[in-house]
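One file, target_8.cif, is given below (mmCIF, C-alpha atoms).
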```cif
data_data
#
loop_
_atom_site.label_atom_id
_atom_site.label_comp_id
_atom_site.auth_asym_id
_atom_site.auth_seq_id
_atom_site.Cartn_x
_atom_site.Cartn_y
_atom_site.Cartn_z
CA MET F 76 -0.92 9.91 25.35
CA GLY F 77 -3.47 8.56 27.84
CA THR F 78 -4.16 9.67 31.40
CA ALA F 79 -6.64 6.97 32.50
CA PHE F 80 -8.14 3.69 31.35
CA PHE F 81 -11.56 2.34 32.36
CA ILE F 82 -13.87 -0.56 31.55
CA PHE F 83 -17.59 -0.10 32.33
CA ASN F 84 -20.51 -2.46 31.99
CA GLN F 85 -23.68 -1.29 30.22
CA LYS F 86 -25.23 -0.27 33.57
CA GLY F 87 -22.39 2.18 34.20
CA GLU F 88 -20.65 0.12 36.87
CA LEU F 89 -16.87 0.53 36.87
CA LEU F 90 -15.17 -2.85 36.36
CA ILE F 91 -11.55 -1.81 35.66
CA SER F 92 -9.95 1.50 36.65
CA ARG F 93 -6.34 2.62 36.17
CA LEU F 94 -4.96 6.17 36.45
CA TYR F 95 -1.59 6.57 34.75
CA ARG F 96 -0.99 10.22 35.66
CA PRO F 97 -1.86 12.39 38.69
CA ASP F 98 -3.66 15.13 36.70
CA LEU F 99 -7.01 13.30 36.94
CA ARG F 100 -9.04 11.99 39.85
CA ARG F 101 -10.91 8.71 39.90
CA SER F 102 -14.18 10.65 40.03
CA ILE F 103 -13.70 11.42 36.32
CA ALA F 104 -15.29 8.01 35.73
CA ASP F 105 -18.59 9.41 37.01
CA VAL F 106 -18.49 12.07 34.30
CA PHE F 107 -18.33 9.40 31.57
CA ARG F 108 -21.11 7.41 33.22
CA ILE F 109 -23.43 10.43 33.31
CA GLN F 110 -22.53 12.04 29.97
CA VAL F 111 -22.24 8.90 27.81
CA ILE F 112 -23.70 5.73 29.31
CA SER F 113 -26.75 7.39 30.84
CA SER F 114 -27.35 9.62 27.81
CA SER F 115 -29.25 8.48 24.73
CA ASP F 116 -28.02 11.36 22.53
CA VAL F 117 -24.37 10.28 22.26
CA ARG F 118 -23.55 9.33 18.65
CA THR F 119 -19.78 9.79 18.57
CA PRO F 120 -17.01 7.68 20.16
CA ILE F 121 -15.16 10.85 21.22
CA ILE F 122 -16.57 13.21 23.84
CA THR F 123 -14.65 16.32 24.93
CA LEU F 124 -15.70 18.06 28.13
CA GLY F 125 -13.57 21.07 28.98
CA SER F 126 -9.96 19.94 28.59
CA THR F 127 -10.73 16.23 29.06
CA SER F 128 -11.42 13.88 26.14
CA PHE F 129 -13.10 10.47 26.45
CA PHE F 130 -12.47 7.85 23.75
CA HIS F 131 -14.71 4.81 24.04
CA VAL F 132 -15.24 1.54 22.19
CA ARG F 133 -18.24 -0.65 22.93
CA VAL F 134 -17.74 -4.40 22.64
CA ASN F 135 -20.58 -6.76 23.62
CA ASN F 136 -21.93 -5.38 26.92
CA VAL F 137 -18.89 -3.38 28.10
CA TYR F 138 -17.34 0.01 27.33
CA VAL F 139 -13.55 0.25 26.91
CA VAL F 140 -12.60 3.87 27.68
CA ALA F 141 -9.37 5.84 27.39
CA VAL F 142 -9.18 9.33 28.91
CA THR F 143 -6.67 12.07 28.13
CA LYS F 144 -6.16 15.73 28.97
CA ASN F 145 -3.63 16.24 26.18
CA ASN F 146 -4.13 16.86 22.47
CA ALA F 147 -3.58 13.16 21.73
CA ASN F 148 -3.59 11.40 18.38
CA ALA F 149 -7.12 9.98 18.21
CA ALA F 150 -6.13 7.13 15.88
CA LEU F 151 -3.40 6.08 18.30
CA VAL F 152 -5.80 6.10 21.26
CA PHE F 153 -8.35 3.93 19.43
CA GLU F 154 -5.60 1.60 18.23
CA PHE F 155 -4.59 1.14 21.87
CA CYS F 156 -8.20 0.38 22.90
CA TYR F 157 -8.66 -2.17 20.12
CA ARG F 158 -5.26 -3.65 20.92
CA VAL F 159 -6.33 -4.20 24.53
CA ILE F 160 -9.50 -5.92 23.29
CA SER F 161 -7.46 -8.14 20.96
CA ILE F 162 -5.04 -9.11 23.73
CA CYS F 163 -7.89 -9.93 26.12
CA LYS F 164 -9.54 -12.11 23.46
CA SER F 165 -6.31 -14.04 22.99
CA TYR F 166 -6.17 -14.74 26.75
CA PHE F 167 -9.76 -15.60 27.63
CA GLY F 168 -11.58 -15.80 24.29
CA LYS F 169 -14.31 -13.20 24.71
CA VAL F 170 -14.61 -9.70 26.10
CA ASP F 171 -17.83 -9.18 28.04
CA GLU F 172 -18.84 -8.31 31.59
CA GLU F 173 -18.58 -11.84 32.94
CA CYS F 174 -15.11 -12.44 31.45
CA VAL F 175 -13.83 -9.08 32.70
CA LYS F 176 -15.00 -9.85 36.25
CA ASN F 177 -13.52 -13.35 36.17
CA ASN F 178 -10.16 -12.13 34.87
CA PHE F 179 -9.80 -8.69 36.44
CA VAL F 180 -6.43 -9.51 38.03
CA LEU F 181 -5.05 -10.61 34.67
CA ILE F 182 -6.44 -7.48 32.96
CA TYR F 183 -4.71 -5.22 35.49
CA GLU F 184 -1.43 -7.04 34.82
CA LEU F 185 -1.87 -6.58 31.09
CA ILE F 186 -2.78 -2.88 31.06
CA ASP F 187 0.08 -2.12 33.47
CA GLU F 188 2.50 -3.96 31.19
CA ILE F 189 1.43 -2.46 27.85
CA ASN F 190 1.07 1.11 29.11
CA ASP F 191 3.66 3.06 31.10
CA PHE F 192 2.78 6.56 32.32
CA GLY F 193 0.17 6.79 29.57
CA TYR F 194 2.47 5.70 26.74
CA PRO F 195 1.86 2.38 24.93
CA GLN F 196 4.65 -0.16 25.28
CA ASN F 197 5.14 -3.69 23.94
CA SER F 198 1.72 -5.09 23.01
CA GLU F 199 2.81 -8.18 21.08
CA ILE F 200 0.63 -11.06 22.24
CA ASP F 201 3.36 -13.70 21.97
CA THR F 202 5.73 -11.61 24.08
CA LEU F 203 3.09 -10.87 26.73
CA LYS F 204 2.15 -14.52 27.03
CA GLY F 205 5.76 -15.29 27.87
CA TYR F 206 5.69 -13.50 31.21
CA ILE F 207 2.01 -12.78 31.95
CA THR F 208 0.81 -16.35 32.07
CA THR F 209 -2.39 -18.20 32.73
CA GLU F 210 -2.77 -21.97 33.09
CA SER F 211 -3.33 -22.45 29.38
CA VAL F 212 -0.18 -20.63 28.29
CA ARG F 213 2.25 -21.25 31.16
CA SER F 214 5.63 -22.40 29.96
CA SER F 215 7.06 -25.76 31.00
CA HIS F 216 10.64 -24.43 31.15
CA SER F 217 12.26 -23.28 34.35
CA ILE F 218 11.56 -19.73 35.51
CA ALA F 219 15.17 -18.60 35.25
CA GLU F 220 15.66 -19.91 31.72
CA GLU F 221 12.34 -18.49 30.54
CA SER F 222 13.06 -15.10 32.11
CA SER F 223 16.30 -14.84 30.15
CA LYS F 224 14.53 -15.60 26.86
CA ILE F 225 11.78 -13.09 27.62
CA THR F 226 14.30 -10.31 28.25
CA THR F 227 16.04 -11.03 24.95
CA GLN F 228 12.74 -11.13 23.08
CA ALA F 229 11.38 -7.92 24.58
CA THR F 230 14.56 -5.91 24.00
CA GLY F 231 15.88 -7.55 20.82
CA VAL F 232 15.38 -6.67 17.19
CA THR F 233 12.50 -9.13 16.67
CA SER F 234 10.45 -8.61 19.81
CA TRP F 235 7.44 -10.27 18.16
CA ARG F 236 9.09 -13.72 17.85
CA ARG F 237 11.23 -16.10 19.89
CA ALA F 238 14.30 -17.50 18.19
CA ASP F 239 13.92 -21.08 19.50
CA VAL F 240 10.54 -21.88 17.89
CA LYS F 241 10.66 -25.33 16.28
CA TYR F 242 8.12 -27.33 14.25
CA LYS F 243 8.36 -30.79 12.72
CA LYS F 244 6.49 -29.45 9.67
CA ASN F 245 6.97 -25.86 8.51
CA GLU F 246 3.73 -24.28 7.20
CA ALA F 247 2.49 -20.80 6.31
CA PHE F 248 -1.07 -19.86 5.32
CA VAL F 249 -2.09 -16.55 3.74
CA THR F 250 -5.64 -15.21 3.49
CA MET F 251 -6.60 -12.04 1.60
CA SER F 252 -10.04 -10.62 2.25
CA ALA F 253 -12.00 -7.44 1.50
CA LYS F 254 -15.35 -5.90 2.29
CA GLY F 255 -16.96 -3.56 -0.24
CA THR F 256 -19.95 -1.26 0.11
CA VAL F 257 -21.92 -0.21 -2.97
CA LEU F 258 -22.73 3.30 -1.78
CA ARG F 259 -19.11 4.40 -1.57
CA ALA F 260 -17.54 1.73 -3.81
CA ASP F 261 -14.54 1.31 -1.54
CA VAL F 262 -12.56 -1.65 -0.22
CA ASP F 263 -11.30 -2.19 3.32
CA GLY F 264 -9.08 -5.25 3.12
CA HIS F 265 -6.47 -7.11 5.08
CA ILE F 266 -3.90 -9.86 4.57
CA GLN F 267 -4.12 -12.43 7.35
CA MET F 268 -1.32 -14.94 7.83
CA ARG F 269 -0.69 -18.03 9.94
CA ALA F 270 2.94 -19.07 10.25
CA TYR F 271 4.17 -22.31 11.83
CA LEU F 272 7.85 -22.08 10.94
CA SER F 273 10.95 -23.11 12.87
CA GLY F 274 13.75 -20.77 13.88
CA MET F 275 13.92 -17.21 12.53
CA PRO F 276 12.74 -17.58 8.90
CA GLU F 277 13.01 -14.79 6.35
CA CYS F 278 9.75 -14.62 4.37
CA LYS F 279 8.93 -12.66 1.22
CA PHE F 280 5.49 -11.84 -0.11
CA GLY F 281 5.15 -10.29 -3.56
CA LEU F 282 2.26 -8.05 -4.63
CA ASN F 283 1.29 -6.50 -7.98
CA ASP F 284 4.13 -4.89 -9.92
CA LYS F 285 1.92 -1.89 -10.74
CA LEU F 286 0.95 -0.98 -7.20
CA VAL F 287 0.45 2.75 -6.63
CA ILE F 288 0.16 4.33 -3.18
CA ASP F 289 1.50 7.83 -3.84
CA ARG F 290 -1.27 10.11 -5.17
CA SER F 291 1.14 11.86 -7.53
CA GLU F 292 1.76 8.59 -9.42
CA ARG F 293 -1.90 7.76 -10.09
CA GLY F 294 -3.38 7.35 -13.54
CA ALA F 295 -1.20 4.49 -14.82
CA ILE F 296 -2.90 1.84 -16.98
CA ASP F 297 -3.81 -1.44 -15.20
CA ALA F 298 -2.38 -0.13 -11.94
CA VAL F 299 -3.79 -1.05 -8.53
CA GLU F 300 -4.27 2.17 -6.57
CA LEU F 301 -4.40 2.08 -2.77
CA ASP F 302 -5.41 5.10 -0.70
CA ASP F 303 -3.43 3.93 2.29
CA CYS F 304 -1.98 0.78 3.83
CA ARG F 305 -0.58 -0.30 7.19
CA PHE F 306 1.86 -3.13 7.95
CA HIS F 307 2.73 -5.26 10.93
CA GLN F 308 5.86 -4.07 12.69
CA CYS F 309 7.82 -7.10 11.42
CA VAL F 310 7.75 -5.80 7.79
CA ARG F 311 10.83 -4.09 6.37
CA LEU F 312 9.34 -0.97 4.82
CA ASN F 313 12.40 0.12 2.80
CA GLU F 314 12.26 -3.02 0.65
CA PHE F 315 8.53 -2.62 0.05
CA ASP F 316 9.00 0.96 -1.17
CA SER F 317 11.58 -0.09 -3.75
CA THR F 318 10.35 -3.49 -5.02
CA ARG F 319 6.76 -3.82 -3.70
CA THR F 320 7.93 -6.97 -1.91
CA ILE F 321 6.90 -7.55 1.70
CA SER F 322 9.96 -8.94 3.48
CA PHE F 323 9.56 -9.97 7.11
CA ILE F 324 10.32 -12.39 9.92
CA PRO F 325 6.80 -13.52 10.91
CA PRO F 326 5.49 -13.85 14.46
CA ASP F 327 4.59 -17.37 15.49
CA GLY F 328 0.93 -18.22 14.86
CA GLU F 329 -1.78 -16.03 13.35
CA PHE F 330 -1.34 -12.30 12.76
CA GLU F 331 -2.46 -9.47 10.47
CA LEU F 332 0.32 -8.76 7.98
CA MET F 333 -1.25 -5.80 6.17
CA THR F 334 -4.41 -3.69 6.04
CA TYR F 335 -5.30 -1.47 3.10
CA ARG F 336 -8.03 0.79 1.69
CA ALA F 337 -8.91 1.49 -1.94
CA THR F 338 -11.56 3.80 -3.40
CA SER F 339 -10.73 3.69 -7.13
CA ASN F 340 -10.98 0.94 -9.77
CA VAL F 341 -13.11 -1.17 -7.43
CA LYS F 342 -14.56 -4.32 -9.04
CA LEU F 343 -17.78 -5.27 -7.26
CA PRO F 344 -18.44 -9.04 -7.35
CA LEU F 345 -22.23 -8.70 -7.01
CA ARG F 346 -24.69 -6.19 -8.40
CA VAL F 347 -28.07 -5.68 -6.74
CA ILE F 348 -30.82 -3.95 -8.76
CA PRO F 349 -33.85 -3.21 -6.54
CA THR F 350 -37.20 -1.71 -7.51
CA VAL F 351 -39.28 -0.63 -4.52
CA ASN F 352 -42.80 0.79 -4.81
CA GLU F 353 -45.10 2.01 -2.05
CA VAL F 354 -48.70 1.02 -2.80
CA GLY F 355 -50.85 3.44 -0.84
CA THR F 356 -50.37 3.14 2.90
CA SER F 357 -50.88 -0.61 3.23
CA GLN F 358 -48.23 -2.26 1.03
CA VAL F 359 -44.65 -2.02 -0.23
CA THR F 360 -43.64 -4.15 -3.23
CA TYR F 361 -40.08 -5.27 -3.98
CA HIS F 362 -38.53 -6.53 -7.20
CA VAL F 363 -34.86 -7.41 -6.64
CA VAL F 364 -32.36 -8.74 -9.18
CA VAL F 365 -28.93 -10.00 -8.07
CA LYS F 366 -26.25 -10.44 -10.75
CA THR F 367 -22.68 -11.73 -10.53
CA ASN F 368 -19.81 -9.73 -12.01
CA PHE F 369 -17.26 -12.57 -12.18
CA GLY F 370 -16.64 -15.56 -14.43
CA ASN F 371 -18.31 -18.96 -14.17
CA LYS F 372 -15.14 -20.51 -12.73
CA LEU F 373 -15.75 -18.63 -9.48
CA SER F 374 -18.71 -18.85 -7.13
CA ALA F 375 -20.10 -16.86 -4.21
CA THR F 376 -21.04 -18.58 -0.96
CA ASN F 377 -22.82 -17.47 2.20
CA VAL F 378 -24.73 -14.81 0.24
CA VAL F 379 -27.20 -13.00 2.49
CA LEU F 380 -29.39 -10.05 1.46
CA ARG F 381 -30.92 -7.92 4.20
CA ILE F 382 -33.73 -5.88 2.70
CA PRO F 383 -35.18 -3.21 5.02
CA THR F 384 -38.92 -2.77 5.47
CA PRO F 385 -40.94 0.03 7.12
CA LEU F 386 -41.26 -0.06 10.90
CA ASN F 387 -45.01 -0.76 10.72
CA THR F 388 -44.58 -3.96 8.67
CA THR F 389 -46.78 -6.84 9.87
CA GLY F 390 -45.76 -9.53 7.37
CA VAL F 391 -43.80 -10.25 4.20
CA ASP F 392 -44.72 -12.58 1.32
CA CYS F 393 -41.77 -13.63 -0.89
CA LYS F 394 -41.97 -15.21 -4.34
CA VAL F 395 -38.88 -16.39 -6.19
CA GLN F 396 -39.17 -16.18 -9.98
CA THR F 397 -35.86 -17.74 -10.98
CA GLY F 398 -33.63 -19.92 -8.86
CA LYS F 399 -34.34 -21.02 -5.32
CA ALA F 400 -35.02 -19.16 -2.09
CA LYS F 401 -31.87 -20.67 -0.54
CA VAL F 402 -28.84 -20.81 -2.81
CA PRO F 403 -25.85 -22.59 -1.21
CA ARG F 404 -23.56 -21.58 -4.09
CA PHE F 405 -24.04 -18.61 -6.44
CA GLN F 406 -22.12 -19.46 -9.62
CA GLY F 407 -20.55 -16.76 -11.77
CA GLY F 408 -22.70 -15.64 -14.69
CA GLN F 409 -25.95 -16.48 -12.90
CA GLU F 410 -28.81 -14.15 -12.03
CA LEU F 411 -31.33 -14.39 -9.19
CA THR F 412 -34.69 -12.60 -9.23
CA PHE F 413 -37.41 -12.49 -6.61
CA ASN F 414 -40.45 -10.45 -5.66
CA ALA F 415 -41.80 -9.62 -2.22
CA THR F 416 -44.75 -7.76 -0.75
CA ALA F 417 -44.66 -6.19 2.71
CA GLN F 418 -48.00 -5.73 4.47
CA LEU F 419 -48.24 -2.57 6.56
CA THR F 420 -50.46 -1.75 9.49
CA SER F 421 -52.30 1.57 9.63
CA THR F 422 -50.82 4.33 11.81
CA THR F 423 -52.32 7.52 13.20
CA THR F 424 -49.47 9.68 11.90
CA ARG F 425 -47.82 8.90 8.59
CA GLN F 426 -44.04 9.25 8.50
CA VAL F 427 -41.92 9.28 5.35
CA TRP F 428 -39.96 6.02 5.01
CA ALA F 429 -36.25 6.77 4.68
CA ARG F 430 -35.58 3.64 2.55
CA PRO F 431 -32.30 2.42 4.10
CA PRO F 432 -29.82 0.68 1.76
CA ILE F 433 -29.83 -3.07 1.11
CA ASP F 434 -27.05 -4.86 2.96
CA VAL F 435 -25.27 -7.79 1.27
CA ASP F 436 -22.90 -10.31 2.88
CA PHE F 437 -20.94 -12.73 0.71
CA GLN F 438 -17.72 -14.68 0.26
CA VAL F 439 -15.98 -15.12 -3.11
CA LEU F 440 -12.71 -17.06 -3.02
CA MET F 441 -9.93 -16.06 -5.44
CA PHE F 442 -11.59 -12.70 -6.18
CA THR F 443 -10.21 -9.33 -5.05
CA ALA F 444 -12.36 -6.26 -5.51
CA SER F 445 -9.32 -3.98 -5.31
CA GLY F 446 -7.27 -5.97 -7.82
CA LEU F 447 -4.53 -6.63 -5.26
CA LEU F 448 -2.92 -10.00 -6.00
CA CYS F 449 -0.30 -12.25 -4.47
CA GLY F 450 2.55 -12.72 -6.96
CA PHE F 451 4.68 -15.16 -4.96
#
```

Is it possible to express this structure as structure tokens?
Amino acid sequence: MGTAFFIFNQKGELLISRLYRPDLRRSIADVFRIQVISSSDVRTPIITLGSTSFFHVRVNNVYVVAVTKNNANAALVFEFCYRVISICKSYFGKVDEECVKNNFVLIYELIDEINDFGYPQNSEIDTLKGYITTESVRSSHSIAEESSKITTQATGVTSWRRADVKYKKNEAFVTMSAKGTVLRADVDGHIQMRAYLSGMPECKFGLNDKLVIDRSERGAIDAVELDDCRFHQCVRLNEFDSTRTISFIPPDGEFELMTYRATSNVKLPLRVIPTVNEVGTSQVTYHVVVKTNFGNKLSATNVVLRIPTPLNTTGVDCKVQTGKAKVPRFQGGQELTFNATAQLTSTTTRQVWARPPIDVDFQVLMFTASGLLCGF
């Protein structure tokens, strides 16, 4: 899959460099520095130059880069990059230039362990922490005993979990979340789970009975239609296909059980109705109404509206007609209305304002825009 792996800072300095195959030289890093980091015209995370493709992900002030000369699966390459970022976060909390420099020895150990000759290997965080240790995760057992357990875990059926995990109190927490955008009316959601269970427990998680994933079966009444979904490797897929029940032996701690995407029958929790008028060249007036689309038993919290203004705005005057400027809890059935006036400064050349969309952040507990529900 991959031929090389690099981490750059935003100045183009090479922090981490690993070549997995001999068909590339280390000087290929200079090509990425010149063509991507030093260029202001790059708008895509994939750059192909000749027969070499660069896949990059920017996180904070560093670039995580995978390089290949083969016709690789782009989704797999990006999954590997994001997996490396996730593993690094679990070890030292944050991925930025300072953390990479302070932990470069550990990072080399990790990327050598999870990638062999360019092919991704075991990337389960719990398994890696068993034999690539730092002070905070070093085991108190003897080296010989721990080594035996690690070998069994890495080569056994459940490589994501040790069999000797024990808790005085067995607990499991499930969180379902989704983010919806009005322009496309789609849902990108995930099911997050925290499991603190002893031994090797068999867990079952039931979803809607009328759950449709196959496009040929769409059109059923009251059915929840998903465009696609992806499960953690611990899930038994054959049982899900037959009964829509997620059966699995969970990893220890927090993990992402399922991700899904839906573009049909989306129920938006909030509705924003804006009226924007440009008054000459000196003012822009806003009249914005926010309505809830759920019952009064539910409420939205952490609601934030980001309303764009022209680049030559010098000041904004807001007037709330109903409600308050800061609403800690937006109850179902309520409506919020406010007006605003943006003062503009004069410019020598007038440019047409593109009017970017309004961005809304919110949290609504016990509400799923896709209709996906937990049965048991």

For range 138-151 of chain F, find every residue with an atom within 6 Å (counting only C-alpha atoms), except residues of its own chain fewer than 3 positions away, and show them as a PDB file with C-alpha atoms, keeping the file's coordinate frame.
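This is the output file out-v4.pdb:
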```pdb
ATOM      1  CA  MET F  76      -0.920   9.910  25.350  1.00  0.00           C
ATOM      2  CA  GLY F  77      -3.470   8.560  27.840  1.00  0.00           C
ATOM      3  CA  THR F  78      -4.160   9.670  31.400  1.00  0.00           C
ATOM      4  CA  ALA F  79      -6.640   6.970  32.500  1.00  0.00           C
ATOM      5  CA  PHE F  80      -8.140   3.690  31.350  1.00  0.00           C
ATOM      6  CA  PHE F  81     -11.560   2.340  32.360  1.00  0.00           C
ATOM      7  CA  ILE F  82     -13.870  -0.560  31.550  1.00  0.00           C
ATOM      8  CA  PHE F  83     -17.590  -0.100  32.330  1.00  0.00           C
ATOM      9  CA  SER F 126      -9.960  19.940  28.590  1.00  0.00           C
ATOM     10  CA  THR F 127     -10.730  16.230  29.060  1.00  0.00           C
ATOM     11  CA  SER F 128     -11.420  13.880  26.140  1.00  0.00           C
ATOM     12  CA  PHE F 129     -13.100  10.470  26.450  1.00  0.00           C
ATOM     13  CA  PHE F 130     -12.470   7.850  23.750  1.00  0.00           C
ATOM     14  CA  HIS F 131     -14.710   4.810  24.040  1.00  0.00           C
ATOM     15  CA  VAL F 132     -15.240   1.540  22.190  1.00  0.00           C
ATOM     16  CA  ARG F 133     -18.240  -0.650  22.930  1.00  0.00           C
ATOM     17  CA  GLU F 154      -5.600   1.600  18.230  1.00  0.00           C
TER      18      GLU F 154
END
```

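Restricting the calculation to all atoms listed in the file, the smallest distance between Glu300 in chain F and any of F:Val351, F:Val287, F:Val435, F:Leu332 is found for F:Val287.
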
Test item: the PyMOL selection byres ((chain F and resi 340) around 9) resolved as a PyMOL selection string: chain F and resi 260-261+298-300+337-339+341-342+444-446

Residues selected by the PyMOL selection byres ((chain F and resi 177-189) around 10), written as a PyMOL selection string: chain F and resi 80+90-93+95+155+158-159+162-163+166-167+172-176+190-199+203-204+207-209

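Using only C-alpha atoms, the smallest distance between any of F:Gly408, F:Gly168, F:Pro326, F:Pro344 and Glu277 in chain F comes from F:Pro326.
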
Please write the residues picked by the PyMOL selection byres ((chain F and resi 362-366) around 6) on this file as a PyMOL selection string. chain F and resi 345-350+361+367+410-414

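Closest to Leu380 in chain F among F:Lys394, F:Asp201, F:Val359, F:Pro432 is F:Pro432, based on all atoms listed in the file.
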
Can you measure CA of Phe330 in chain F to CA of His307 in chain F for me? One decimal in Å is fine. 8.3 Å

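Using all atoms listed in the file, the smallest distance between any of F:Ile382, F:Ala270, F:Ile160, F:Cys304 and Ile324 in chain F comes from F:Ala270.
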
Between CA of Gln308 in chain F and CA of Leu440 in chain F, what is the spacing in Å? 27.6 Å

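Interatomic distance, CA of Asp98 in chain F to CA of Thr123 in chain F: 16.1 Å.
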
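Of the listed residues F:Lys279, F:Pro431, F:Ile321, F:Ile112, the one whose atoms come nearest to Arg381 in chain F is F:Pro431, with distances taken using only C-alpha atoms.
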
Mind filling out range 82-95 of chain F with N, CA, C and O atoms and sending it as a compact mmCIF listing (two decimals), in the coordinates of the input?
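Full text of result-v1.txt as output:
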```
# COMPACT_ATOMS: atom_id res chain seq x y z
N ILE F 82 -12.93 0.36 32.19
CA ILE F 82 -13.87 -0.56 31.55
C ILE F 82 -15.16 -0.52 32.37
O ILE F 82 -15.15 -0.77 33.58
N PHE F 83 -16.27 -0.17 31.71
CA PHE F 83 -17.59 -0.10 32.33
C PHE F 83 -18.46 -1.22 31.78
O PHE F 83 -18.27 -1.67 30.63
N ASN F 84 -19.46 -1.62 32.57
CA ASN F 84 -20.51 -2.46 31.99
C ASN F 84 -21.61 -1.54 31.48
O ASN F 84 -21.56 -0.32 31.63
N GLN F 85 -22.64 -2.11 30.85
CA GLN F 85 -23.68 -1.29 30.22
C GLN F 85 -24.57 -0.58 31.24
O GLN F 85 -25.33 0.33 30.87
N LYS F 86 -24.48 -0.96 32.52
CA LYS F 86 -25.23 -0.27 33.57
C LYS F 86 -24.46 0.93 34.12
O LYS F 86 -25.00 1.69 34.93
N GLY F 87 -23.20 1.08 33.70
CA GLY F 87 -22.39 2.18 34.20
C GLY F 87 -21.52 1.82 35.39
O GLY F 87 -20.86 2.70 35.96
N GLU F 88 -21.50 0.55 35.76
CA GLU F 88 -20.65 0.12 36.87
C GLU F 88 -19.20 0.02 36.41
O GLU F 88 -18.91 -0.50 35.33
N LEU F 89 -18.28 0.52 37.21
CA LEU F 89 -16.87 0.53 36.87
C LEU F 89 -16.23 -0.82 37.21
O LEU F 89 -16.19 -1.23 38.37
N LEU F 90 -15.76 -1.52 36.17
CA LEU F 90 -15.17 -2.85 36.36
C LEU F 90 -13.65 -2.79 36.48
O LEU F 90 -13.06 -3.49 37.30
N ILE F 91 -13.01 -1.96 35.66
CA ILE F 91 -11.55 -1.81 35.66
C ILE F 91 -11.24 -0.32 35.69
O ILE F 91 -11.83 0.47 34.94
N SER F 92 -10.31 0.09 36.53
CA SER F 92 -9.95 1.50 36.65
C SER F 92 -8.44 1.61 36.87
O SER F 92 -7.89 1.00 37.78
N ARG F 93 -7.78 2.39 36.02
CA ARG F 93 -6.34 2.62 36.17
C ARG F 93 -6.01 4.05 35.78
O ARG F 93 -6.31 4.49 34.67
N LEU F 94 -5.43 4.81 36.71
CA LEU F 94 -4.96 6.17 36.45
C LEU F 94 -3.45 6.12 36.24
O LEU F 94 -2.71 5.65 37.10
N TYR F 95 -3.00 6.61 35.08
CA TYR F 95 -1.59 6.57 34.75
C TYR F 95 -0.85 7.85 35.15
O TYR F 95 0.36 7.84 35.27
```
